[in-house]
$ cat final.pdb   # PDB, C-alpha atoms
ATOM      1  CA  MET A  34      79.502  77.309  89.786
ATOM      2  CA  ASN A  35      77.028  80.077  90.635
ATOM      3  CA  LEU A  36      77.705  83.752  91.219
ATOM      4  CA  ASP A  37      78.207  83.397  94.981
ATOM      5  CA  ASP A  38      80.815  80.664  94.420
ATOM      6  CA  LEU A  39      82.636  82.812  91.877
ATOM      7  CA  VAL A  40      82.651  85.808  94.219
ATOM      8  CA  ALA A  41      83.953  83.640  97.041
ATOM      9  CA  VAL A  42      86.829  82.425  94.853
ATOM     10  CA  TRP A  43      87.534  85.968  93.702
ATOM     11  CA  ARG A  44      87.607  87.227  97.294
ATOM     12  CA  SER A  45      89.949  84.411  98.374
ATOM     13  CA  GLN A  46      92.636  85.508  95.930
ATOM     14  CA  ASP A  47      95.671  87.403  97.111
ATOM     15  CA  VAL A  48      95.271  89.870  94.274
ATOM     16  CA  ALA A  49      91.890  91.266  93.309
ATOM     17  CA  PRO A  50      92.258  91.347  89.477
ATOM     18  CA  LEU A  51      90.885  88.409  87.544
ATOM     19  CA  HIS A  52      93.518  85.732  88.069
ATOM     20  CA  GLY A  53      91.704  82.614  89.271
ATOM     21  CA  VAL A  54      88.282  83.725  88.072
ATOM     22  CA  ASN A  55      87.447  84.465  84.474
ATOM     23  CA  GLU A  56      85.506  87.704  84.066
ATOM     24  CA  ALA A  57      83.407  86.010  81.401
ATOM     25  CA  LEU A  58      82.246  83.461  83.992
ATOM     26  CA  VAL A  59      81.145  86.247  86.327
ATOM     27  CA  ARG A  60      79.219  87.885  83.496
ATOM     28  CA  LEU A  61      77.633  84.540  82.645
ATOM     29  CA  ALA A  62      76.615  83.989  86.254
ATOM     30  CA  LEU A  63      75.108  87.470  86.420
ATOM     31  CA  ARG A  64      73.146  86.868  83.220
ATOM     32  CA  GLN A  65      71.891  83.547  84.572
ATOM     33  CA  ASP A  66      70.696  85.246  87.750
ATOM     34  CA  GLN A  67      68.992  87.911  85.672
ATOM     35  CA  ALA A  68      67.267  85.257  83.546
ATOM     36  CA  LYS A  69      66.020  83.483  86.680
ATOM     37  CA  LEU A  70      64.694  86.758  88.048
ATOM     38  CA  GLN A  71      62.865  87.560  84.813
ATOM     39  CA  LYS A  72      61.359  84.073  84.776
ATOM     40  CA  TRP A  73      60.145  84.481  88.348
ATOM     41  CA  ARG A  74      58.669  87.876  87.547
ATOM     42  CA  ARG A  75      56.684  86.382  84.678
ATOM     43  CA  VAL A  76      55.422  83.600  86.943
ATOM     44  CA  GLU A  77      54.505  86.126  89.635
ATOM     45  CA  LYS A  78      52.684  88.290  87.093
ATOM     46  CA  TRP A  79      50.567  85.437  85.750
ATOM     47  CA  LEU A  80      49.872  84.160  89.260
ATOM     48  CA  ALA A  81      48.587  87.615  90.159
ATOM     49  CA  TYR A  82      46.347  87.595  87.066
ATOM     50  CA  LEU A  83      44.981  84.122  87.868
ATOM     51  CA  ILE A  84      44.406  84.882  91.549
ATOM     52  CA  GLY A  85      42.728  88.193  90.684
ATOM     53  CA  ALA A  86      40.481  86.487  88.137
ATOM     54  CA  ALA A  87      39.569  83.781  90.670
ATOM     55  CA  MET A  88      38.720  86.427  93.277
ATOM     56  CA  ILE A  89      36.518  88.399  90.897
ATOM     57  CA  GLY A  90      34.886  85.233  89.562
ATOM     58  CA  GLY A  91      34.058  84.038  93.068
ATOM     59  CA  LEU A  92      32.496  87.370  94.024
ATOM     60  CA  ALA A  93      30.528  87.532  90.768
ATOM     61  CA  ARG A  94      29.197  84.026  91.437
ATOM     62  CA  ARG A  95      28.042  84.992  94.925
ATOM     63  CA  LEU A  96      26.349  88.127  93.604
ATOM     64  CA  ALA A  97      24.573  86.083  90.921
ATOM     65  CA  ILE A  98      23.332  83.662  93.583
ATOM     66  CA  MET A  99      21.973  86.532  95.644
ATOM     67  CA  ILE A 100      20.244  88.123  92.649
ATOM     68  CA  ASN A 101      18.605  84.826  91.683
ATOM     69  CA  ARG A 102      17.219  84.203  95.148
ATOM     70  CA  ASP A 103      13.468  84.756  95.341
ATOM     71  CA  ASP A 104      13.111  84.672  99.102
ATOM     72  CA  ASP A 105      15.104  87.773  99.948
ATOM     73  CA  VAL A 106      15.235  91.455  99.018
ATOM     74  CA  LEU A 107      18.709  92.737  98.229
ATOM     75  CA  SER A 108      19.968  95.878  99.902
ATOM     76  CA  VAL A 109      22.567  98.352  98.719
ATOM     77  CA  TRP A 110      25.151  96.523 100.817
ATOM     78  CA  ASP A 111      24.439  93.263  99.019
ATOM     79  CA  TYR A 112      25.545  94.898  95.772
ATOM     80  CA  ALA A 113      28.290  97.055  97.288
ATOM     81  CA  ILE A 114      30.215  94.258  99.021
ATOM     82  CA  PRO A 115      30.983  92.188  95.879
ATOM     83  CA  VAL A 116      31.722  95.358  93.906
ATOM     84  CA  VAL A 117      34.178  96.577  96.542
ATOM     85  CA  GLY A 118      35.843  93.160  96.626
ATOM     86  CA  ALA A 119      36.155  93.009  92.836
ATOM     87  CA  ALA A 120      37.562  96.547  92.751
ATOM     88  CA  ALA A 121      40.128  95.619  95.420
ATOM     89  CA  ALA A 122      41.157  92.546  93.391
ATOM     90  CA  LEU A 123      41.577  94.627  90.222
ATOM     91  CA  LEU A 124      43.517  97.284  92.129
ATOM     92  CA  TRP A 125      45.807  94.644  93.628
ATOM     93  CA  VAL A 126      46.604  93.167  90.200
ATOM     94  CA  GLY A 127      47.196  96.648  88.798
ATOM     95  CA  MET A 128      49.450  97.561  91.720
ATOM     96  CA  MET A 129      51.548  94.445  91.200
ATOM     97  CA  ARG A 130      51.901  95.250  87.492
ATOM     98  CA  VAL A 131      52.858  98.889  88.117
ATOM     99  CA  ARG A 132      55.396  97.875  90.759
ATOM    100  CA  HIS A 133      57.104  95.418  88.427
ATOM    101  CA  ARG A 134      57.163  97.896  85.554
ATOM    102  CA  ALA A 135      58.606 100.627  87.776
ATOM    103  CA  GLN A 136      61.394  98.328  88.945
ATOM    104  CA  ALA A 137      62.102  97.269  85.348
ATOM    105  CA  VAL A 138      62.372 100.933  84.317
ATOM    106  CA  ARG A 139      64.805 101.624  87.163
ATOM    107  CA  GLU A 140      66.984  98.726  86.026
ATOM    108  CA  GLN A 141      67.097  99.979  82.429
ATOM    109  CA  ARG A 142      69.526 102.727  83.372
ATOM    110  CA  PHE A 143      72.263 100.121  83.812
ATOM    111  CA  GLY A 144      74.384  99.131  80.835
ATOM    112  CA  ASP A 145      76.165  95.917  79.855
ATOM    113  CA  SER A 146      79.504  96.483  81.570
ATOM    114  CA  LEU A 147      80.452  94.243  84.481
ATOM    115  CA  ARG A 148      80.076  97.119  86.936
ATOM    116  CA  ASP A 149      76.622  97.960  85.589
ATOM    117  CA  GLN A 150      75.549  94.336  85.816
ATOM    118  CA  ILE A 151      76.669  94.189  89.443
ATOM    119  CA  ASN A 152      74.914  97.482  90.174
ATOM    120  CA  ARG A 153      71.754  96.074  88.577
ATOM    121  CA  GLN A 154      71.945  93.078  90.904
ATOM    122  CA  LEU A 155      72.450  95.396  93.874
ATOM    123  CA  ALA A 156      69.380  97.413  92.865
ATOM    124  CA  GLN A 157      67.355  94.199  92.704
ATOM    125  CA  LEU A 158      68.567  93.143  96.140
ATOM    126  CA  ASP A 159      67.692  96.579  97.541
ATOM    127  CA  TYR A 160      64.201  96.189  96.074
ATOM    128  CA  ARG A 161      63.776  92.790  97.738
ATOM    129  CA  ALA A 162      64.928  94.193 101.065
ATOM    130  CA  THR A 163      62.513  97.115 100.752
ATOM    131  CA  MET A 164      59.586  94.819  99.939
ATOM    132  CA  SER A 165      60.292  92.802 103.091
ATOM    133  CA  ARG A 166      59.585  95.773 105.356
ATOM    134  CA  LEU A 167      56.368  95.677 107.342
ATOM    135  CA  ALA A 168      54.867  98.754 105.648
ATOM    136  CA  SER A 169      55.518  97.297 102.181
ATOM    137  CA  LEU A 170      54.087  93.911 103.160
ATOM    138  CA  LEU A 171      50.981  95.552 104.596
ATOM    139  CA  GLY A 172      50.547  97.466 101.354
ATOM    140  CA  SER A 173      50.840  94.244  99.353
ATOM    141  CA  LEU A 174      48.536  92.171 101.580
ATOM    142  CA  LEU A 175      45.888  94.752 102.474
ATOM    143  CA  LEU A 176      43.893  94.454  99.255
ATOM    144  CA  PRO A 177      43.804  90.619  99.257
ATOM    145  CA  ILE A 178      42.613  90.783 102.867
ATOM    146  CA  VAL A 179      39.837  93.177 101.806
ATOM    147  CA  VAL A 180      38.864  90.737  99.052
ATOM    148  CA  ALA A 181      38.791  87.868 101.568
ATOM    149  CA  PHE A 182      36.525  89.828 103.920
ATOM    150  CA  THR A 183      34.118  90.786 101.149
ATOM    151  CA  THR A 184      34.083  87.198  99.880
ATOM    152  CA  ILE A 185      33.048  85.925 103.316
ATOM    153  CA  LEU A 186      30.320  88.548 103.618
ATOM    154  CA  ALA A 187      29.070  87.840 100.088
ATOM    155  CA  ARG A 188      28.999  84.113 100.788
ATOM    156  CA  TRP A 189      27.117  84.756 104.017
ATOM    157  CA  ARG A 190      24.430  86.675 102.156
ATOM    158  CA  SER A 191      24.297  84.240  99.233
ATOM    159  CA  ASP A 192      23.495  81.514 101.748
ATOM    160  CA  GLY A 193      20.418  83.501 102.726
ATOM    161  CA  ARG A 194      21.714  84.728 106.087
ATOM    162  CA  SER A 195      21.223  88.222 107.461
ATOM    163  CA  PHE A 196      23.944  90.620 108.517
ATOM    164  CA  SER A 197      22.098  90.958 111.832
ATOM    165  CA  ASP A 198      22.737  87.277 112.574
ATOM    166  CA  PRO A 199      24.988  87.099 115.676
ATOM    167  CA  TRP A 200      26.821  84.109 114.180
ATOM    168  CA  LEU A 201      28.318  86.470 111.594
ATOM    169  CA  SER A 202      30.912  87.410 114.202
ATOM    170  CA  VAL A 203      32.435  83.913 113.981
ATOM    171  CA  PRO A 204      33.780  84.154 110.390
ATOM    172  CA  ILE A 205      34.719  87.795 110.958
ATOM    173  CA  VAL A 206      36.805  86.951 114.035
ATOM    174  CA  PHE A 207      38.332  84.055 112.111
ATOM    175  CA  MET A 208      39.286  86.382 109.251
ATOM    176  CA  ILE A 209      40.829  88.907 111.648
ATOM    177  CA  CYS A 210      42.950  86.187 113.280
ATOM    178  CA  TRP A 211      43.872  84.755 109.873
ATOM    179  CA  SER A 212      44.892  88.194 108.600
ATOM    180  CA  ILE A 213      47.125  88.826 111.622
ATOM    181  CA  LEU A 214      48.777  85.413 111.250
ATOM    182  CA  CYS A 215      49.183  85.901 107.503
ATOM    183  CA  VAL A 216      50.850  89.309 107.858
ATOM    184  CA  GLY A 217      53.000  88.195 110.796
ATOM    185  CA  GLY A 218      54.071  84.956 109.116
ATOM    186  CA  THR A 219      54.871  86.663 105.826
ATOM    187  CA  PHE A 220      56.858  89.374 107.614
ATOM    188  CA  TRP A 221      58.850  86.795 109.597
ATOM    189  CA  TRP A 222      59.589  84.720 106.486
ATOM    190  CA  ALA A 223      60.557  87.769 104.392
ATOM    191  CA  ARG A 224      62.922  89.140 107.047
ATOM    192  CA  ARG A 225      64.471  85.691 107.464
ATOM    193  CA  VAL A 226      65.181  85.498 103.723
ATOM    194  CA  VAL A 227      66.659  89.003 103.757
ATOM    195  CA  GLN A 228      68.940  88.292 106.720
ATOM    196  CA  ARG A 229      70.123  84.881 105.486
ATOM    197  CA  LYS A 230      70.325  85.394 101.722
ATOM    198  CA  THR A 231      69.723  88.932 100.492
ATOM    199  CA  LEU A 232      72.063  90.898 102.777
ATOM    200  CA  PRO A 233      75.019  88.451 102.626
ATOM    201  CA  ARG A 234      74.747  88.370  98.841
ATOM    202  CA  LYS A 235      74.578  92.161  98.736
ATOM    203  CA  ARG A 236      77.712  92.457 100.877
ATOM    204  CA  ARG A 237      79.622  90.079  98.602
ATOM    205  CA  LEU A 238      78.622  92.004  95.492
ATOM    206  CA  GLU A 239      79.506  95.342  97.120
ATOM    207  CA  ALA A 240      82.942  93.972  98.008
ATOM    208  CA  LEU A 241      83.381  92.743  94.443
ATOM    209  CA  LEU A 242      82.330  96.133  93.052
ATOM    210  CA  LYS A 243      84.716  97.917  95.415
ATOM    211  CA  GLU A 244      87.590  95.771  94.210
ATOM    212  CA  LEU A 245      86.676  96.435  90.590
ATOM    213  CA  ASP A 246      86.589 100.180  91.231
ATOM    214  CA  GLY A 247      90.018  99.955  92.852
ATOM    215  CA  GLN A 248      91.624  98.371  89.795
TER     216      GLN A 248
END
$ encode --input "final.pdb" --output "structure tokens"
Amino acid sequence: MNLDDLVAVWRSQDVAPLHGVNEALVRLALRQDQAKLQKWRRVEKWLAYLIGAAMIGGLARRLAIMINRDDDVLSVWDYAIPVVGAAAALLWVGMMRVRHRAQAVREQRFGDSLRDQINRQLAQLDYRATMSRLASLLGSLLLPIVVAFTTILARWRSDGRSFSDPWLSVPIVFMICWSILCVGGTFWWARRVVQRKTLPRKRRLEALLKELDGQ
């Protein structure tokens, strides 16, 4: 039985105090949810590191190809584009790390009591809801989009093509369309998760906390 099942049983009781539901089971369910969240955060952190390393490695490879070409003279832009992309990748990884650490620090103010554990869960749900807003999603996706643009431009130049080539507009238009679809799709999916899972769970926990405070 997970936390939502326990809360549902608790709410179905005629009397709010712990008659049909053992408080220890609620604590156990909360700890299990917390362990799952910590596991996911570790996975997300290492994914960010791997993706960032892959981005930087790809840009470095393209720059090396351009430098080793003998049939073309490199301009300032040829060096600047991979550098900007690598800096955006590093900044994105750093931003993800800072965001996770800041949330972890905010959660440290909660203790081990049942009320504090519920409040910790509510803070985590509020964080998820905040991250699903369009402004937050744009902030999270902007840097990867910059990296994608610079990667396309660096690949274009490493293939020996000029920026004055009119065909350059094709991958640029593709990237613009892809970016719009990526942001729109992520926003739709995030809001759907919030409406179907995050907010109902938050309301159940708030009701549980209200009943605990009334005891």
$ closest_residue --input "final.pdb" --among "A:Ile151, A:Ala122, A:Val206, A:Ile213" --to "Arg234 (chain A)" --atoms "all atoms listed in the file"
A:Ile151
$ axis_aligned_box --input "final.pdb" --around "region 175-187 of chain A" --padding-each-side "3 Å" --output "JSON"
{"center_x": 37.5, "center_y": 90.3, "center_z": 101.5, "size_x": 22.8, "size_y": 14.8, "size_z": 10.9}
$ closest_residue --input "final.pdb" --among "A:Ser173, A:Gln141, A:Gln71, A:Ser165" --to "Val227 (chain A)" --atoms "all atoms listed in the file"
A:Ser165
$ resolve_selection --input "final.pdb" --expression "the PyMOL selection byres ((chain A and resi 238) around 9)" --output "CSV table (one decimal) with C-alpha atoms, in the coordinates of the input"
chain,number,residue,atom,x,y,z
A,37,ASP,CA,78.2,83.4,95.0
A,40,VAL,CA,82.7,85.8,94.2
A,151,ILE,CA,76.7,94.2,89.4
A,152,ASN,CA,74.9,97.5,90.2
A,154,GLN,CA,71.9,93.1,90.9
A,155,LEU,CA,72.4,95.4,93.9
A,233,PRO,CA,75.0,88.5,102.6
A,234,ARG,CA,74.7,88.4,98.8
A,235,LYS,CA,74.6,92.2,98.7
A,236,ARG,CA,77.7,92.5,100.9
A,237,ARG,CA,79.6,90.1,98.6
A,239,GLU,CA,79.5,95.3,97.1
A,240,ALA,CA,82.9,94.0,98.0
A,241,LEU,CA,83.4,92.7,94.4
A,242,LEU,CA,82.3,96.1,93.1
A,243,LYS,CA,84.7,97.9,95.4
$ closest_atom_pairs --input "final.pdb" --of "region 101-148 of chain A" --to "region 183-191 of chain A" --cutoff "7 Å" --atoms "all atoms listed in the file" --output "CSV"
residue,atom,partner,partner_atom,distance
A:Ile114,CA,A:Thr183,CA,5.6
A:Pro115,CA,A:Thr183,CA,6.3
A:Gly118,CA,A:Thr183,CA,5.4
$ write_last_selection --input "final.pdb" --atoms "C-alpha atoms" --output "PDB file, keeping the file's coordinate frame"
ATOM      1  CA  ILE A 114      30.215  94.258  99.021  1.00  0.00           C
ATOM      2  CA  PRO A 115      30.983  92.188  95.879  1.00  0.00           C
ATOM      3  CA  GLY A 118      35.843  93.160  96.626  1.00  0.00           C
TER       4      GLY A 118
END
$ closest_residue --input "final.pdb" --among "A:Leu63, A:Ile178, A:Met128, A:Leu58" --to "Arg148 (chain A)" --atoms "all atoms listed in the file"
A:Leu63
$ atom_distance --input "final.pdb" --atom1 "CA of Trp79 (chain A)" --atom2 "CA of Ala113 (chain A)"
27.6 Å
$ atom_distance --input "final.pdb" --atom1 "CA of Asp159 (chain A)" --atom2 "CA of Thr231 (chain A)"
8.4 Å
$ closest_residue --input "final.pdb" --among "A:Leu214, A:Val180, A:Val203, A:Met129" --to "Arg74 (chain A)" --atoms "all atoms listed in the file"
A:Met129
$ atom_distance --input "final.pdb" --atom1 "CA of Leu70 (chain A)" --atom2 "CA of Tyr160 (chain A)"
12.4 Å
$ decode --input "final.pdb" --residues "region 215-226 of chain A" --atoms "N, CA, C and O atoms" --output "PDB file, in the first residue's frame"
ATOM      1  N   CYS A 215       9.667  21.207 -29.062  1.00  0.00           N
ATOM      2  CA  CYS A 215      10.245  20.672 -27.833  1.00  0.00           C
ATOM      3  C   CYS A 215       9.706  21.410 -26.614  1.00  0.00           C
ATOM      4  O   CYS A 215       9.276  20.790 -25.639  1.00  0.00           O
ATOM      5  N   VAL A 216       9.715  22.742 -26.670  1.00  0.00           N
ATOM      6  CA  VAL A 216       9.217  23.540 -25.543  1.00  0.00           C
ATOM      7  C   VAL A 216       7.722  23.312 -25.353  1.00  0.00           C
ATOM      8  O   VAL A 216       7.243  23.092 -24.233  1.00  0.00           O
ATOM      9  N   GLY A 217       6.963  23.351 -26.464  1.00  0.00           N
ATOM     10  CA  GLY A 217       5.519  23.162 -26.369  1.00  0.00           C
ATOM     11  C   GLY A 217       5.151  21.778 -25.860  1.00  0.00           C
ATOM     12  O   GLY A 217       4.264  21.635 -25.002  1.00  0.00           O
ATOM     13  N   GLY A 218       5.835  20.743 -26.374  1.00  0.00           N
ATOM     14  CA  GLY A 218       5.543  19.385 -25.929  1.00  0.00           C
ATOM     15  C   GLY A 218       5.902  19.159 -24.473  1.00  0.00           C
ATOM     16  O   GLY A 218       5.144  18.518 -23.727  1.00  0.00           O
ATOM     17  N   THR A 219       7.044  19.699 -24.058  1.00  0.00           N
ATOM     18  CA  THR A 219       7.460  19.552 -22.662  1.00  0.00           C
ATOM     19  C   THR A 219       6.508  20.287 -21.733  1.00  0.00           C
ATOM     20  O   THR A 219       6.146  19.784 -20.657  1.00  0.00           O
ATOM     21  N   PHE A 220       6.069  21.471 -22.138  1.00  0.00           N
ATOM     22  CA  PHE A 220       5.128  22.248 -21.328  1.00  0.00           C
ATOM     23  C   PHE A 220       3.801  21.507 -21.194  1.00  0.00           C
ATOM     24  O   PHE A 220       3.238  21.408 -20.090  1.00  0.00           O
ATOM     25  N   TRP A 221       3.301  20.965 -22.304  1.00  0.00           N
ATOM     26  CA  TRP A 221       2.033  20.225 -22.266  1.00  0.00           C
ATOM     27  C   TRP A 221       2.147  19.008 -21.361  1.00  0.00           C
ATOM     28  O   TRP A 221       1.259  18.743 -20.534  1.00  0.00           O
ATOM     29  N   TRP A 222       3.245  18.249 -21.496  1.00  0.00           N
ATOM     30  CA  TRP A 222       3.422  17.045 -20.691  1.00  0.00           C
ATOM     31  C   TRP A 222       3.560  17.396 -19.216  1.00  0.00           C
ATOM     32  O   TRP A 222       2.963  16.740 -18.350  1.00  0.00           O
ATOM     33  N   ALA A 223       4.333  18.448 -18.902  1.00  0.00           N
ATOM     34  CA  ALA A 223       4.548  18.831 -17.503  1.00  0.00           C
ATOM     35  C   ALA A 223       3.246  19.283 -16.851  1.00  0.00           C
ATOM     36  O   ALA A 223       2.942  18.913 -15.706  1.00  0.00           O
ATOM     37  N   ARG A 224       2.457  20.094 -17.562  1.00  0.00           N
ATOM     38  CA  ARG A 224       1.188  20.555 -16.997  1.00  0.00           C
ATOM     39  C   ARG A 224       0.214  19.390 -16.818  1.00  0.00           C
ATOM     40  O   ARG A 224      -0.565  19.364 -15.861  1.00  0.00           O
ATOM     41  N   ARG A 225       0.261  18.433 -17.733  1.00  0.00           N
ATOM     42  CA  ARG A 225      -0.609  17.259 -17.619  1.00  0.00           C
ATOM     43  C   ARG A 225      -0.263  16.456 -16.361  1.00  0.00           C
ATOM     44  O   ARG A 225      -1.164  16.013 -15.636  1.00  0.00           O
ATOM     45  N   VAL A 226       1.032  16.271 -16.108  1.00  0.00           N
ATOM     46  CA  VAL A 226       1.462  15.558 -14.907  1.00  0.00           C
ATOM     47  C   VAL A 226       1.034  16.303 -13.649  1.00  0.00           C
ATOM     48  O   VAL A 226       0.567  15.704 -12.676  1.00  0.00           O
TER      49      VAL A 226
END
